[in-house]
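Shown next: upload.txt, containing compact mmCIF, C-alpha atoms.
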# COMPACT_ATOMS: atom_id res chain seq x y z
CA MET A 20 0.00 0.00 0.00
CA LYS A 21 2.97 2.31 0.38
CA ARG A 22 3.09 2.72 -3.37
CA ASN A 23 -0.38 4.30 -3.33
CA GLU A 24 0.02 6.61 -0.36
CA PRO A 25 2.09 9.29 -2.12
CA THR A 26 -0.62 9.31 -4.79
CA ARG A 27 -3.24 10.07 -2.14
CA GLU A 28 -1.12 12.91 -0.87
CA GLY A 29 -0.78 14.21 -4.41
CA VAL A 30 -4.55 14.02 -4.93
CA MET A 31 -5.25 16.04 -1.81
CA ALA A 32 -2.53 18.57 -2.59
CA LYS A 33 -4.30 19.32 -5.88
CA SER A 34 -7.63 19.58 -4.10
CA PHE A 35 -6.10 21.92 -1.54
CA LEU A 36 -4.85 24.30 -4.22
CA VAL A 37 -8.20 24.31 -6.05
CA ASN A 38 -10.20 24.98 -2.89
CA ALA A 39 -7.82 27.71 -1.70
CA SER A 40 -8.21 29.47 -5.04
CA LEU A 41 -12.00 29.13 -5.03
CA ILE A 42 -12.27 30.59 -1.52
CA VAL A 43 -10.50 33.74 -2.71
CA ILE A 44 -12.57 33.92 -5.91
CA LYS A 45 -15.91 33.39 -4.13
CA GLY A 46 -15.13 35.72 -1.24
CA ALA A 47 -13.83 38.51 -3.46
CA GLY A 48 -16.69 38.03 -5.90
CA GLY A 49 -19.26 38.16 -3.11
CA PHE A 50 -17.95 41.41 -1.65
CA LEU A 51 -17.27 43.12 -4.97
CA PHE A 52 -20.50 42.06 -6.67
CA PHE A 53 -22.89 42.28 -3.69
CA SER A 54 -23.80 38.62 -3.21
CA THR A 55 -24.43 37.27 0.29
CA ALA A 56 -24.94 33.77 -1.11
CA LEU A 57 -21.54 33.86 -2.81
CA ILE A 58 -19.89 34.87 0.46
CA ALA A 59 -21.66 31.97 2.19
CA ASP A 60 -20.40 29.67 -0.54
CA ALA A 61 -16.87 30.90 0.14
CA PHE A 62 -17.22 29.72 3.74
CA HIS A 63 -18.52 26.43 2.37
CA SER A 64 -15.31 26.03 0.39
CA LEU A 65 -13.41 26.79 3.59
CA SER A 66 -14.74 23.47 4.93
CA ASP A 67 -13.21 21.76 1.89
CA LEU A 68 -9.90 23.40 2.63
CA VAL A 69 -10.00 22.20 6.23
CA SER A 70 -10.88 18.75 4.90
CA ASP A 71 -7.87 18.69 2.59
CA THR A 72 -5.55 19.78 5.38
CA LEU A 73 -6.79 17.02 7.66
CA VAL A 74 -6.54 14.42 4.90
CA ILE A 75 -2.94 15.31 4.06
CA PHE A 76 -2.07 15.02 7.75
CA GLY A 77 -4.02 11.77 8.09
CA VAL A 78 -2.41 10.12 5.07
CA ARG A 79 1.01 10.72 6.61
CA GLN A 80 -0.11 9.22 9.90
CA THR A 81 -1.47 6.04 8.26
CA LYS A 82 2.01 5.36 6.87
CA LYS A 83 3.16 4.39 10.35
CA PRO A 84 3.88 0.65 10.53
CA PRO A 85 2.11 -1.61 13.06
CA ASP A 86 3.50 -1.46 16.58
CA ARG A 87 2.87 -3.11 19.95
CA GLU A 88 -0.08 -0.89 20.78
CA HIS A 89 -1.51 -0.93 17.24
CA PRO A 90 -0.75 -4.40 15.82
CA ILE A 91 -3.12 -3.98 12.85
CA GLY A 92 -1.71 -0.60 11.85
CA HIS A 93 -2.97 2.97 11.95
CA GLY A 94 -5.55 2.90 9.16
CA LYS A 95 -8.45 4.01 11.35
CA ILE A 96 -6.84 7.39 11.89
CA GLU A 97 -8.75 8.33 8.73
CA TYR A 98 -12.07 7.71 10.49
CA VAL A 99 -11.10 9.85 13.46
CA LEU A 100 -10.18 12.69 11.14
CA SER A 101 -13.44 12.26 9.22
CA ILE A 102 -15.42 12.61 12.45
CA PHE A 103 -13.46 15.73 13.35
CA LEU A 104 -14.14 17.08 9.85
CA GLY A 105 -17.86 16.46 10.30
CA PHE A 106 -17.97 18.60 13.43
CA VAL A 107 -15.86 21.31 11.79
CA VAL A 108 -18.35 21.48 8.91
CA LEU A 109 -21.26 21.76 11.39
CA PHE A 110 -19.48 24.64 13.13
CA ILE A 111 -18.97 26.42 9.80
CA ALA A 112 -22.69 25.98 9.02
CA TYR A 113 -23.56 27.60 12.36
CA GLN A 114 -21.31 30.59 11.71
CA ILE A 115 -22.70 31.15 8.21
CA GLY A 116 -26.25 30.77 9.53
CA ARG A 117 -25.78 33.55 12.05
CA GLN A 118 -24.53 35.94 9.37
CA ALA A 119 -27.21 34.99 6.83
CA VAL A 120 -30.05 35.56 9.30
CA ALA A 121 -28.60 38.92 10.36
CA VAL A 122 -28.67 40.37 6.83
CA PHE A 123 -32.44 39.84 6.51
CA GLY A 124 -32.94 42.98 8.58
CA ASP A 125 -31.03 45.09 6.04
CA THR A 126 -32.25 46.48 2.75
CA PRO A 127 -31.00 43.99 0.14
CA THR A 128 -28.71 45.11 -2.67
CA ALA A 129 -29.09 43.57 -6.11
CA PRO A 130 -26.11 41.38 -7.08
CA SER A 131 -24.03 42.39 -10.08
CA ILE A 132 -24.18 40.32 -13.27
CA TYR A 133 -20.47 39.63 -12.75
CA ALA A 134 -21.44 37.56 -9.71
CA LEU A 135 -23.16 35.16 -12.14
CA VAL A 136 -19.92 34.77 -14.09
CA VAL A 137 -18.08 33.91 -10.88
CA VAL A 138 -20.68 31.31 -9.86
CA VAL A 139 -20.63 29.56 -13.26
CA PHE A 140 -16.85 29.30 -13.10
CA VAL A 141 -17.02 27.94 -9.55
CA ILE A 142 -19.61 25.28 -10.48
CA ALA A 143 -17.49 23.99 -13.36
CA SER A 144 -14.33 23.88 -11.21
CA LYS A 145 -15.96 22.12 -8.25
CA LEU A 146 -17.75 19.56 -10.42
CA LEU A 147 -14.46 18.49 -11.97
CA LEU A 148 -12.75 18.37 -8.56
CA SER A 149 -15.55 16.33 -6.98
CA ARG A 150 -15.52 13.71 -9.73
CA TYR A 151 -11.75 13.49 -9.48
CA LEU A 152 -11.76 12.97 -5.69
CA LEU A 153 -14.52 10.33 -5.74
CA ALA A 154 -12.78 8.42 -8.54
CA ARG A 155 -9.48 8.37 -6.65
CA ALA A 156 -11.26 7.39 -3.42
CA ASP A 157 -12.64 4.26 -5.13
CA VAL A 158 -9.24 3.33 -6.55
CA LEU A 159 -7.36 3.92 -3.28
CA HIS A 160 -10.17 2.70 -0.97
CA SER A 161 -9.86 5.78 1.23
CA GLN A 162 -12.75 6.74 3.52
CA VAL A 163 -11.54 10.26 4.12
CA LEU A 164 -10.92 10.87 0.41
CA LYS A 165 -14.49 9.75 -0.16
CA ALA A 166 -15.71 12.15 2.54
CA SER A 167 -13.84 15.01 0.92
CA GLY A 168 -15.24 14.11 -2.49
CA LYS A 169 -18.80 14.03 -1.15
CA GLU A 170 -18.30 17.39 0.51
CA SER A 171 -17.02 18.83 -2.76
CA PHE A 172 -20.02 17.48 -4.68
CA VAL A 173 -22.44 19.02 -2.20
CA ASP A 174 -20.50 22.25 -2.71
CA VAL A 175 -21.43 21.95 -6.40
CA LEU A 176 -25.11 21.63 -5.49
CA GLY A 177 -24.76 24.56 -3.14
CA SER A 178 -23.23 26.64 -5.91
CA VAL A 179 -26.19 25.82 -8.17
CA VAL A 180 -28.47 27.20 -5.46
CA VAL A 181 -26.24 30.28 -5.31
CA LEU A 182 -26.56 30.63 -9.08
CA LEU A 183 -30.36 30.68 -8.80
CA GLY A 184 -30.28 33.12 -5.89
CA VAL A 185 -27.92 35.51 -7.65
CA SER A 186 -29.94 35.25 -10.87
CA PHE A 187 -33.25 36.11 -9.21
CA GLY A 188 -31.60 38.83 -7.13
CA TYR A 189 -30.09 40.38 -10.24
CA LEU A 190 -33.46 40.13 -12.00
CA GLY A 191 -35.11 41.87 -9.03
CA GLY A 192 -32.66 44.73 -9.32
CA ARG A 193 -33.26 45.09 -13.05
CA THR A 194 -37.08 44.92 -12.84
CA GLY A 195 -37.59 46.74 -9.55
CA VAL A 196 -39.38 43.76 -7.97
CA THR A 197 -38.26 44.17 -4.36
CA TRP A 198 -39.06 40.69 -3.08
CA LEU A 199 -36.76 39.12 -5.69
CA LEU A 200 -33.85 40.93 -4.05
CA TYR A 201 -34.16 38.57 -1.07
CA ALA A 202 -33.48 35.54 -3.30
CA ASP A 203 -29.73 35.91 -2.76
CA SER A 204 -30.11 35.76 1.05
CA VAL A 205 -32.51 32.82 0.81
CA ALA A 206 -29.92 31.01 -1.32
CA ALA A 207 -27.37 31.59 1.44
CA LEU A 208 -29.65 29.83 3.94
CA LEU A 209 -30.16 26.91 1.55
CA VAL A 210 -26.39 26.54 1.23
CA ILE A 211 -26.28 26.15 5.01
CA LEU A 212 -28.74 23.25 4.81
CA PHE A 213 -26.49 21.57 2.25
CA ILE A 214 -23.51 21.99 4.56
CA ILE A 215 -25.40 20.46 7.50
CA ARG A 216 -26.49 17.51 5.38
CA VAL A 217 -22.96 16.66 4.24
CA ALA A 218 -21.66 16.97 7.82
CA ILE A 219 -24.23 14.42 9.02
CA SER A 220 -23.33 12.11 6.12
CA ILE A 221 -19.61 12.29 6.94
CA LEU A 222 -20.25 11.56 10.62
CA ALA A 223 -22.58 8.64 9.87
CA ASP A 224 -20.14 6.99 7.44
CA SER A 225 -17.21 7.42 9.80
CA VAL A 226 -19.03 5.99 12.84
CA SER A 227 -20.21 3.03 10.74
CA SER A 228 -16.62 2.32 9.66
CA ILE A 229 -15.25 2.56 13.21
CA ILE A 230 -17.85 0.08 14.44
CA GLY A 231 -16.78 -2.35 11.73
CA LYS A 232 -17.95 -1.96 8.15
CA ASN A 233 -17.96 -4.83 5.67
CA ALA A 234 -15.99 -4.60 2.45
CA PRO A 235 -18.06 -4.28 -0.74
CA GLU A 236 -19.77 -7.55 -1.71
CA SER A 237 -17.88 -7.64 -5.00
CA VAL A 238 -14.54 -7.50 -3.15
CA ILE A 239 -15.60 -10.28 -0.76
CA GLU A 240 -16.74 -12.53 -3.62
CA GLU A 241 -13.53 -11.92 -5.58
CA THR A 242 -11.40 -12.75 -2.53
CA LYS A 243 -13.41 -15.91 -1.85
CA ASN A 244 -12.89 -17.13 -5.40
CA HIS A 245 -9.19 -16.37 -5.14
CA ILE A 246 -8.86 -18.45 -1.94
CA GLU A 247 -10.79 -21.40 -3.38
CA GLN A 248 -8.32 -21.62 -6.27
CA ILE A 249 -5.39 -22.22 -3.91
CA GLU A 250 -4.18 -25.82 -3.96
CA GLY A 251 -5.41 -27.80 -0.95
CA VAL A 252 -8.40 -25.54 -0.23
CA ARG A 253 -11.67 -27.42 -0.76
CA GLY A 254 -13.89 -24.49 0.09
CA VAL A 255 -14.43 -21.36 2.13
CA ASP A 256 -16.79 -21.90 5.07
CA LYS A 257 -16.75 -18.29 6.26
CA LEU A 258 -15.12 -15.09 5.06
CA THR A 259 -15.22 -11.76 6.86
CA MET A 260 -13.56 -8.67 5.39
CA LEU A 261 -13.61 -5.45 7.39
CA VAL A 262 -12.62 -2.06 6.02
CA TYR A 263 -9.68 -0.75 8.03
CA GLY A 264 -8.73 2.66 6.68
CA HIS A 265 -7.43 2.14 3.14
CA TYR A 266 -6.97 -1.64 3.49
CA TYR A 267 -8.91 -4.73 4.61
CA GLN A 268 -8.72 -7.00 7.63
CA VAL A 269 -9.54 -10.59 6.63
CA MET A 270 -10.79 -13.48 8.78
CA VAL A 271 -11.41 -16.69 6.86
CA ASP A 272 -12.36 -20.29 7.68
CA ILE A 273 -11.10 -22.67 4.98
CA ARG A 274 -12.04 -26.31 4.48
CA VAL A 275 -9.29 -28.86 3.75
CA ASP A 276 -9.06 -32.65 3.34
CA GLY A 277 -9.66 -34.19 6.78
CA SER A 278 -7.08 -36.88 6.16
CA LYS A 279 -4.25 -34.36 6.03
CA SER A 280 -2.01 -33.88 9.04
CA VAL A 281 -2.01 -30.79 11.22
CA ALA A 282 1.29 -29.74 9.67
CA GLU A 283 -0.14 -30.07 6.15
CA GLY A 284 -3.21 -28.05 7.11
CA HIS A 285 -0.92 -25.42 8.58
CA GLU A 286 1.03 -25.24 5.31
CA ILE A 287 -2.17 -24.67 3.34
CA ALA A 288 -3.22 -21.93 5.75
CA HIS A 289 0.23 -20.37 5.41
CA GLU A 290 -0.13 -20.36 1.61
CA VAL A 291 -3.53 -18.67 1.92
CA ARG A 292 -1.99 -15.94 4.08
CA ASN A 293 0.87 -15.42 1.62
CA ARG A 294 -1.47 -15.15 -1.37
CA LEU A 295 -3.77 -12.69 0.37
CA ARG A 296 -0.91 -10.67 1.80
CA ALA A 297 0.35 -10.19 -1.77
CA GLU A 298 -2.80 -8.19 -2.43
CA LYS A 299 -1.94 -4.52 -1.80
CA GLN A 300 -5.28 -3.83 -0.09
CA ILE A 301 -5.04 -6.65 2.49
CA GLN A 302 -2.72 -6.28 5.47
CA HIS A 303 -4.07 -8.35 8.37
CA ILE A 304 -5.16 -11.96 7.89
CA THR A 305 -6.45 -14.68 10.21
CA VAL A 306 -6.94 -18.18 8.74
CA HIS A 307 -8.80 -20.98 10.54
CA VAL A 308 -8.65 -24.51 9.13
CA ASN A 309 -11.69 -26.83 9.21
CA PRO A 310 -11.14 -30.52 8.31
CA GLU A 311 -13.52 -31.96 5.74
CA VAL A 312 -14.50 -35.48 6.73
CA GLU A 313 -15.63 -37.85 3.97
CA SER A 314 -19.10 -39.25 4.68
Conversion result in structure tokens:
Amino acid sequence: MKRNEPTREGVMAKSFLVNASLIVIKGAGGFLFFSTALIADAFHSLSDLVSDTLVIFGVRQTKKPPDREHPIGHGKIEYVLSIFLGFVVLFIAYQIGRQAVAVFGDTPTAPSIYALVVVVFVIASKLLLSRYLLARADVLHSQVLKASGKESFVDVLGSVVVLLGVSFGYLGGRTGVTWLLYADSVAALLVILFIIRVAISILADSVSSIIGKNAPESVIEETKNHIEQIEGVRGVDKLTMLVYGHYYQVMVDIRVDGSKSVAEGHEIAHEVRNRLRAEKQIQHITVHVNPEVES
């Protein structure tokens, strides 16, 4: 798995640079072109930036080899960071919410048409980044990469809401329809709901993984077939694969010829461990041997 870890760091470094740039673009665009929703969206991107920072730190920590206190490794550090990220995102939603509610008492100002240009650019950039992160998360089997990708995708949805809010607000300014001017502030509140939703999703996924989350069914079936092809293995009685950070923990009961000696059964189990350990996504394996008695 070491070969993949620098790639994960590289992925998050790119995400970090994109999000840092978008925060500046959104924030500046919001202040210059009179859009409360765009400013709220800038704070939303701030959560992405925090996410990227935590991921880069977490990836480095998961490189630590197993030790006496952590014999299976440090893969679950990713889940701890994901939980922390979830609470950070909730805090950001609270801060934006306070500001968005406060502006409802002021006379709204119509957003500039240039705010629309900024939002369209942001949507395109975030959509590409989100797809990139989710694709790499699947390849590298990284929970926290997946969390960051989900957060980025929700940011895309939030930016679409901002686009509608800015559009109606601009239209209100052009037509003199006062109530349309509030569309930008309403969009800011909707962005907050998106942020809260993604925070809950991140927390739920992370808690599920800490408790002990099964590997995808396709991965379990592929591993079972691989084990059954090993010489001396007559079948797999039970196979459990738990997600442990970016790799899997495997516990398998294999069935062997009951006439074989204990030493021979041990050799077959040893071969199963070696074959599975050769898989880059499997790092901790327990093999139990069940003798098959001819009826």
What does the distance between atom CA of A:Ile246 and atom CA of A:Gln300 come to in Å, to one decimal place? 15.2 Å
Quick one: pull the distance between atom CA of A:Val262 and atom CA of A:Ile301, Å, one decimal. 9.5 Å
Grab the atom CA of A:Ser64 to atom CA of A:Asp174 distance for me, in Å with one decimal place.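 For atom CA of A:Ser64 relative to atom CA of A:Asp174, the distance reads 7.1 Å.
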Quick one: residues within 12 Å of stretch 236-243 of chain A, all atoms listed in the file, excluding same-chain residues fewer than 3 positions away - as a ChimeraX atom specification? /A:160,232-233,246-249,252-262,266-273,291-292,294-296,298,300-301
Got time to write the residues from that selection, C-alpha atoms, as a CSV table (one decimal), keeping the file's coordinate frame?
chain,number,residue,atom,x,y,z
A,160,HIS,CA,-10.2,2.7,-1.0
A,232,LYS,CA,-18.0,-2.0,8.2
A,233,ASN,CA,-18.0,-4.8,5.7
A,246,ILE,CA,-8.9,-18.4,-1.9
A,247,GLU,CA,-10.8,-21.4,-3.4
A,248,GLN,CA,-8.3,-21.6,-6.3
A,249,ILE,CA,-5.4,-22.2,-3.9
A,252,VAL,CA,-8.4,-25.5,-0.2
A,253,ARG,CA,-11.7,-27.4,-0.8
A,254,GLY,CA,-13.9,-24.5,0.1
A,255,VAL,CA,-14.4,-21.4,2.1
A,256,ASP,CA,-16.8,-21.9,5.1
A,257,LYS,CA,-16.8,-18.3,6.3
A,258,LEU,CA,-15.1,-15.1,5.1
A,259,THR,CA,-15.2,-11.8,6.9
A,260,MET,CA,-13.6,-8.7,5.4
A,261,LEU,CA,-13.6,-5.4,7.4
A,262,VAL,CA,-12.6,-2.1,6.0
A,266,TYR,CA,-7.0,-1.6,3.5
A,267,TYR,CA,-8.9,-4.7,4.6
A,268,GLN,CA,-8.7,-7.0,7.6
A,269,VAL,CA,-9.5,-10.6,6.6
A,270,MET,CA,-10.8,-13.5,8.8
A,271,VAL,CA,-11.4,-16.7,6.9
A,272,ASP,CA,-12.4,-20.3,7.7
A,273,ILE,CA,-11.1,-22.7,5.0
A,291,VAL,CA,-3.5,-18.7,1.9
A,292,ARG,CA,-2.0,-15.9,4.1
A,294,ARG,CA,-1.5,-15.2,-1.4
A,295,LEU,CA,-3.8,-12.7,0.4
A,296,ARG,CA,-0.9,-10.7,1.8
A,298,GLU,CA,-2.8,-8.2,-2.4
A,300,GLN,CA,-5.3,-3.8,-0.1
A,301,ILE,CA,-5.0,-6.6,2.5
Which residues come within 8 Å of stretch 199-201 of chain A, counting only C-alpha atoms, excluding same-chain residues fewer than 5 positions away, as a CSV table (one decimal) with C-alpha atoms, keeping the file's coordinate frame?
chain,number,residue,atom,x,y,z
A,123,PHE,CA,-32.4,39.8,6.5
A,127,PRO,CA,-31.0,44.0,0.1
A,128,THR,CA,-28.7,45.1,-2.7
A,129,ALA,CA,-29.1,43.6,-6.1
A,187,PHE,CA,-33.2,36.1,-9.2
A,188,GLY,CA,-31.6,38.8,-7.1
A,189,TYR,CA,-30.1,40.4,-10.2
A,190,LEU,CA,-33.5,40.1,-12.0
A,191,GLY,CA,-35.1,41.9,-9.0
A,192,GLY,CA,-32.7,44.7,-9.3
Fewer than 4 positions away in the same chain doesn't count, so skip those; otherwise give me all residues within 12 Å of stretch 148-153 of chain A, counting all atoms listed in the file, as an NGL selection string. :A and (26-38 or 41 or 67 or 71 or 74 or 141-144 or 157-176)
List every residue of stretch 105-202 of chain A that has an atom at most 12 Å from any atom of stretch 48-51 of chain A, giving for each one its closest atom pair and the distance in Å to one decimal, counting all atoms listed in the file, sorted by chain and then by ascending residue number, as CSV.
residue,atom,partner,partner_atom,distance
A:Thr128,CA,A:Phe50,CA,11.4
A:Ala129,CA,A:Gly49,CA,11.6
A:Pro130,CA,A:Gly49,CA,8.5
A:Ser131,CA,A:Leu51,CA,8.5
A:Ile132,CA,A:Gly48,CA,10.8
A:Tyr133,CA,A:Gly48,CA,8.0
A:Ala134,CA,A:Gly48,CA,6.1
A:Leu135,CA,A:Gly48,CA,9.4
A:Val136,CA,A:Gly48,CA,9.4
A:Val137,CA,A:Gly48,CA,6.6
A:Val138,CA,A:Gly48,CA,8.8
A:Val139,CA,A:Gly48,CA,11.9
A:Phe140,CA,A:Gly48,CA,11.3
A:Val141,CA,A:Gly48,CA,10.7
A:Val181,CA,A:Gly49,CA,10.8
A:Val185,CA,A:Gly49,CA,10.1
Within-9 Å shell of (-14.8, 34.4, -2.4) in input frame, all atoms listed in the file, as JSON, numbers by chain: {"A": [40, 41, 42, 43, 44, 45, 46, 47, 48, 49, 50, 57, 58, 59, 60, 61, 62, 64]}
Tell me which of A:Ser54, A:Asn293, A:Ala39, A:Val217 sits closest to A:Ala202, counting all atoms listed in the file. A:Ser54
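In this comparison, which uses all atoms listed in the file, the residue of A:Ile96, A:Val210, A:Val180, A:Val308 approaching A:Lys83 most closely is A:Ile96.
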Just checking: using only C-alpha atoms, which residue out of A:Leu104, A:Leu182, A:Ser220, A:Ala234 ends up closest to A:Ala207?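 Nearest to A:Ala207: A:Leu182.
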